[in-house]
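S.K.: Provided herewith is a single structure, encoded as structure tokens, for subsequent inquiry.
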Amino acid sequence: MDKKRAFVHPYIPNSVPQVKARMLKDIGVESIEELYGDIPESLRFKGKMNIPQALVSEYDLKRHVEQILAKNRSCSKNLSFLGGGCWRHYVPAICDEINHRSEFLTAYAGEPYEDHGRFQALFEYQSLMAELLDVEVVNVPTYDWCQAASTAMRMAERITARSEILVADTVNPDRLSAISNYCTPVLTVTTVKHHQQTGMIDLADLKAKLSANVAGVYFENPSYLGIIESQGQAVSDMVHSNGGLTVVGVDPISLGLLTPPSGYGADITCGDIQSLGLHMYYGGALGGFIATRDEERFVMEYPSRLFGITKTAVEGEYGFGDVAYDRTSFGVREKGKEFVGTAAALWGITAGVYLSLMGPKGMAELGRQILQKSQYAIAMLSKLKGVKVPRFEASHFKEFVVDFSRTPMTVEQINKALLEEHIFGGHDLGVLSRELANCALYCVTEMHTKADIDKLVTVLSKCLGE
Amino acid sequence: MKNNKAKVRNFHQAKWDEEIIFELDTPGQCGMLIPQIEPEIEQLVGDGFSPLPQNMKRVQPPGLPEVSQMRVLKHFLRLSQHCLGADFNIDIGQGTCTIKYNPKINEVLAGNENASQLHPLQDQSTVQGALEIMYKLESFLKEISGLDRFSLQPSSGSAAIFAMASIIQAYHKSRGQAEQRDEIITTIFSHPSNAAAAAVKGYKVITIYQNEDGLPDVEALKKVVSKRTAGLLITNPEDTGIFNPRIAEFTRIVHQAGGLCGYDQANANGILGIIRAKESGFDLCFFNLHKTFGAPHGCGGPASGSLGVTKELREFLPVPVVGFDGEKYFLDYNLPNTIGKIRSFYGAFPVILKAYAWIMSLGADGLKEAAHVAVLNNNYLFEKIKKIKGAAAPFAKGRHRIEQVRYSWAPLFEDTGITTEEITLRLIDFGFHLWSSHHPFIVPQPFTIEPTESYSKDELDEYLAGLEQVVCEAYEDPEKLKNAPYNSVVHKIDHSTLDDPKKWAITWRSYLKKHKSAD
């Protein structure tokens, strides 16, 4: 043991030399090095890791990290109209209070006895989501919407024993990328065109692409472009009569007011819970949900954990546990349904808190206000010369495409000018497709005031030279 | 057998007998209001709802409960008290999962609005701090692993394994061998996701079992490699805590057959700064930031499985990675053979930030000290547990373990008929958690303990006293164990409904339909 080393880090109690010595003696070895006897010299790392000098005092560490973070400009100090898969909604104080509780924050995989609260909170999350989605089964959250949609595709593949999926070309591009990788090489992914004027699914193209090989059709509603798809039932009818499944991705914050996908034929619904009480965290606080009817053929295809309610030896006491655990990879490794592990449970608990606080009226009021404010923004932006908004003729929720192609400026130039006025303009869609060259996706939520929207319009008007 | 030295707590967990949230529903109450809409907006656009397509207007409002704010708070606080996180118990009984101290300062830092209030599509000039943290964390992981490039995108260890399988497939595809190379090799003591995630990519999975040392057999590997081998996915030390000293032979054999080697570093906590993926011959590896690098487990996520590769495989990584041109950090999408997205955006930023702060607090020497003490703590427990009547530690007799041990209650079971599960449930009565192990149970009546570097010797001794107490009861009063726990939130759970499609209830509405409608 190195006698010179008296330093003991607060995180490592048994670094105290006397404690170490006592423990080594009990083990019956002279040094910690002896405990590594199985590791051959040839594998040992002989150098020193090039990692900066430790900031062992908490104060030094705090200063250091805060100095780096201070280089960021946040959405609370600037006016953001960014959307596209991560949104700024109000996060009630109680959501943060609960997800910072040591009990939840540092729990992991206890039994449904000492971790009864984890099981109940996640069961309640499943149940609250089920009400919002009007379904009977919701999973313990997976990583994000990308994973939820990808898994939904694979569930459709297993349920139908078919090998192609059709995906609307208006889904989030990240999602299409993740789905494509997740399905290769087992499933073929084919995109379905959208209607040029409305942005909705081109039913003729869908019809042409449906075949006996198609396991399912996936679209998002509202779509990536904010469009409310009104042909959901028609799509479902076509898919179902062809023997496939309808899979719909949805932003759950829209469902206080909008018909849930199960209401227009969705067999599997998926989406992200970020909008339900989670801060944006640079896109780092995501959680995916998958939802279906309570039919064995669906339930048995979930890879996720599903917490169920049951009874205990004491009359009236609620117990919880894993439903059909043996379908999971924990149970049967590669014979299980895909794979399962640590994902986004704490965010699920938080979303449950959010829905409990909001209730049915809160969710409806929130939905209405998002509609009103985004419609107001559309109306005001429409007054700007050369600006076409919305780009597509349809109803929108929260997000809409602003077409700047008939203005003298590019989206890049506009966003640079807005940034100087502390406004984060909608992100450039031109990188995705030629059709959307010089278009931007704008997002308006309950967080925006009339003054915020008016400020955007004023600054835009100035920078477009009006 | 009477053990008078046992010093366990007179523990009792909180028990609120709390309702299900739906049972708190009182129509008219509400927990949260949103701002009033400005009259000018309403004047211009009306109610916002009327213009929607008729079939998209929700007819039946969602059946969410209506509960006042304080009652919602109280409800979830009570549920939190029905949970036993690492901040409360001596959380060493969940071997393979590296439950260590999660510093509170890192929570404070993650809550900074310059972290929590960032949108992922902000102009890159406005997120230089976030990109700097990601870039620097990557540089630390490169030092720790010896590999050349990292993606912080995968959302967990399993997602990182899936990404490794995807890269292996994309690599062989780029060489025109994707179809020929359709087999992934793993070992039975590697995490189940190594087998399961490979199967998602369409691979045939070959699992190598252990030899008498508990290690995967080199001869067995030689027999299964062929021109069909796409790659190897393996942990080391394995989930038994036994280090595989022939790991470089494994990677060499797979390389000679034309395959790639992916290193599941979920078990890295005992080897930080001591061995690296590079010297063992790996092409890919990943670290769990929420385990090894001090970010909390959060009841099962959010998490991060940061994925590293050699420079030859850089172009296959998920996009984007973070670059630095000497002045500015930037998101780099220029990876010609990328597997695309594994997750939306760039990764679980709060987890990334906490891992960065954890490493900055320890430095290179501190990381190595953490590994040393994790191994010291483990072998201390190993020495003591081996001496507990009824406990055994199969394989590799007379050798030390790295950061965890897979033990067995098989002798106890033979003596008393008491199972691991029954031991587990009785330990709860003293405030302890013990996990069995991943399936399949190669080791009969298994349990796995991983003490990490976070717990003091006194705490380890207290946990040992708990084990001794329960073993003592198993021999003297086995009936007592059969009905445990007694001091936890609830009593013996009836699992019979959970595997029966007619009875399982995954949501409250299903429960009401299946179990209450007949009442």
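Ligands are numbered from 1 in the order shown, chains are lettered A, B, ... in the order of the structure tokens, and residues start at 1 in each chain.
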Neighbours of range 297-300 of chain B within 8 Å (only C-alpha atoms; same-chain residues fewer than 5 positions away dropped), as a list of chain:residue names?

M.R.: A:Phe104, A:Leu105, A:Thr106, A:Ala107, A:Tyr108, A:Ala109, A:Arg118, A:Gly341, A:Thr342, A:Ala343, A:Ala344, A:Ala345, A:Leu346, B:Ile99, B:His290, B:Lys291

S.K.: Just the residues within 9 Å of Val72 in chain B, please, counting only C-alpha atoms, with nothing from its chain fewer than 2 positions along; format it as a PyMOL selection string.

M.R.: (chain A and resi 94+353+356-357) or (chain B and resi 21+24+31+67-70+74-77)

S.K.: Using only C-alpha atoms, determine which residues lie at most 12 Å from Val8 in chain A, disregarding the query and same-chain residues fewer than 3 positions distant; provide the list as a PyMOL selection string.

M.R.: (chain A and resi 4-5+11-20+56-57) or (chain B and resi 362+365-366+369-370+373+453)

S.K.: Among range 138-326 of chain B, which residues carry a DSSP assignment of alpha helix (DSSP H), reported as a PyMOL selection string?

M.R.: chain B and resi 138-145+157-174+192-200+218-224+247-256

S.K.: Export, as a JSON list (two decimals), in the first residue's frame, the selected residues with C-alpha atoms.

M.R.:
[["chain", "number", "residue", "atom", "x", "y", "z"],
["B", 138, "GLU", "CA", -15.73, 11.81, -25.43],
["B", 139, "SER", "CA", -12.04, 12.65, -25.03],
["B", 140, "PHE", "CA", -12.09, 11.13, -21.51],
["B", 141, "LEU", "CA", -13.76, 7.96, -22.77],
["B", 142, "LYS", "CA", -11.13, 7.70, -25.49],
["B", 143, "GLU", "CA", -8.44, 7.80, -22.83],
["B", 144, "ILE", "CA", -10.23, 5.21, -20.69],
["B", 145, "SER", "CA", -10.79, 2.79, -23.58],
["B", 157, "GLY", "CA", -26.22, -0.35, -22.64],
["B", 158, "SER", "CA", -28.67, -2.45, -24.63],
["B", 159, "ALA", "CA", -29.09, 0.32, -27.20],
["B", 160, "ALA", "CA", -25.30, 0.51, -27.48],
["B", 161, "ILE", "CA", -25.12, -3.25, -28.02],
["B", 162, "PHE", "CA", -27.72, -2.87, -30.73],
["B", 163, "ALA", "CA", -25.65, -0.07, -32.28],
["B", 164, "MET", "CA", -22.56, -2.30, -32.17],
["B", 165, "ALA", "CA", -24.46, -5.08, -33.96],
["B", 166, "SER", "CA", -25.65, -2.50, -36.51],
["B", 167, "ILE", "CA", -22.12, -1.25, -37.14],
["B", 168, "ILE", "CA", -20.80, -4.80, -37.48],
["B", 169, "GLN", "CA", -23.47, -5.45, -40.08],
["B", 170, "ALA", "CA", -22.83, -2.17, -41.92],
["B", 171, "TYR", "CA", -19.09, -2.90, -41.95],
["B", 172, "HIS", "CA", -19.57, -6.32, -43.55],
["B", 173, "LYS", "CA", -22.08, -4.85, -45.97],
["B", 174, "SER", "CA", -19.50, -2.29, -47.08],
["B", 192, "PRO", "CA", -28.72, -11.07, -22.21],
["B", 193, "SER", "CA", -28.93, -8.08, -24.56],
["B", 194, "ASN", "CA", -25.72, -9.16, -26.30],
["B", 195, "ALA", "CA", -27.66, -12.12, -27.60],
["B", 196, "ALA", "CA", -31.04, -10.40, -27.92],
["B", 197, "ALA", "CA", -29.98, -7.19, -29.70],
["B", 198, "ALA", "CA", -27.90, -9.17, -32.19],
["B", 199, "ALA", "CA", -30.96, -11.26, -33.00],
["B", 200, "VAL", "CA", -32.93, -8.08, -33.79],
["B", 218, "VAL", "CA", -11.20, -20.85, -26.19],
["B", 219, "GLU", "CA", -11.48, -24.29, -27.78],
["B", 220, "ALA", "CA", -15.24, -23.83, -28.02],
["B", 221, "LEU", "CA", -14.69, -20.48, -29.73],
["B", 222, "LYS", "CA", -12.30, -22.03, -32.25],
["B", 223, "LYS", "CA", -14.96, -24.57, -33.17],
["B", 224, "VAL", "CA", -17.65, -21.99, -33.92],
["B", 247, "ILE", "CA", -9.40, -12.26, -24.01],
["B", 248, "ALA", "CA", -6.73, -11.18, -26.52],
["B", 249, "GLU", "CA", -6.82, -14.71, -27.95],
["B", 250, "PHE", "CA", -10.57, -14.41, -28.33],
["B", 251, "THR", "CA", -10.34, -11.20, -30.28],
["B", 252, "ARG", "CA", -7.46, -12.55, -32.37],
["B", 253, "ILE", "CA", -9.36, -15.70, -33.31],
["B", 254, "VAL", "CA", -12.42, -13.70, -34.33],
["B", 255, "HIS", "CA", -10.31, -11.24, -36.31],
["B", 256, "GLN", "CA", -8.57, -14.09, -38.10]]

S.K.: Just want the 9 Å neighbourhood of Lys311 in chain B, counted on only C-alpha atoms, with same-chain residues fewer than 5 positions away dropped. Output as a VMD selection string.

M.R.: chain B and resid 147 to 149 283

S.K.: Quick one: which range 96-153 of chain A residues come within 12 Å of range 53-59 of chain B, and what is the nearest atom pair for each with the distance in Å to one decimal, counting only C-alpha atoms, rows ordered by chain and ascending number, as CSV?

M.R.:
residue,atom,partner,partner_atom,distance
A:Leu132,CA,B:Arg58,CA,10.6
A:Leu133,CA,B:Arg58,CA,10.9
A:Asp134,CA,B:Arg58,CA,10.8

S.K.: Would you put the residues from that selection into a file with C-alpha atoms, as a PDB file, in the first residue's frame?

M.R.:
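Saved result, result.pdb, follows:
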ATOM      1  CA  LEU A 132     -55.259   9.758 -22.871  1.00  0.00           C
ATOM      2  CA  LEU A 133     -54.713   7.283 -25.718  1.00  0.00           C
ATOM      3  CA  ASP A 134     -57.955   5.354 -25.158  1.00  0.00           C
TER       4      ASP A 134
END

S.K.: Ranking A:Glu114, A:Ser163, A:Val402, A:Gln233 by minimum distance to Pro185 in chain A and counting only C-alpha atoms, which one comes first?

M.R.: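 Ranked by minimum distance to Pro185 in chain A, first place goes to A:Ser163.
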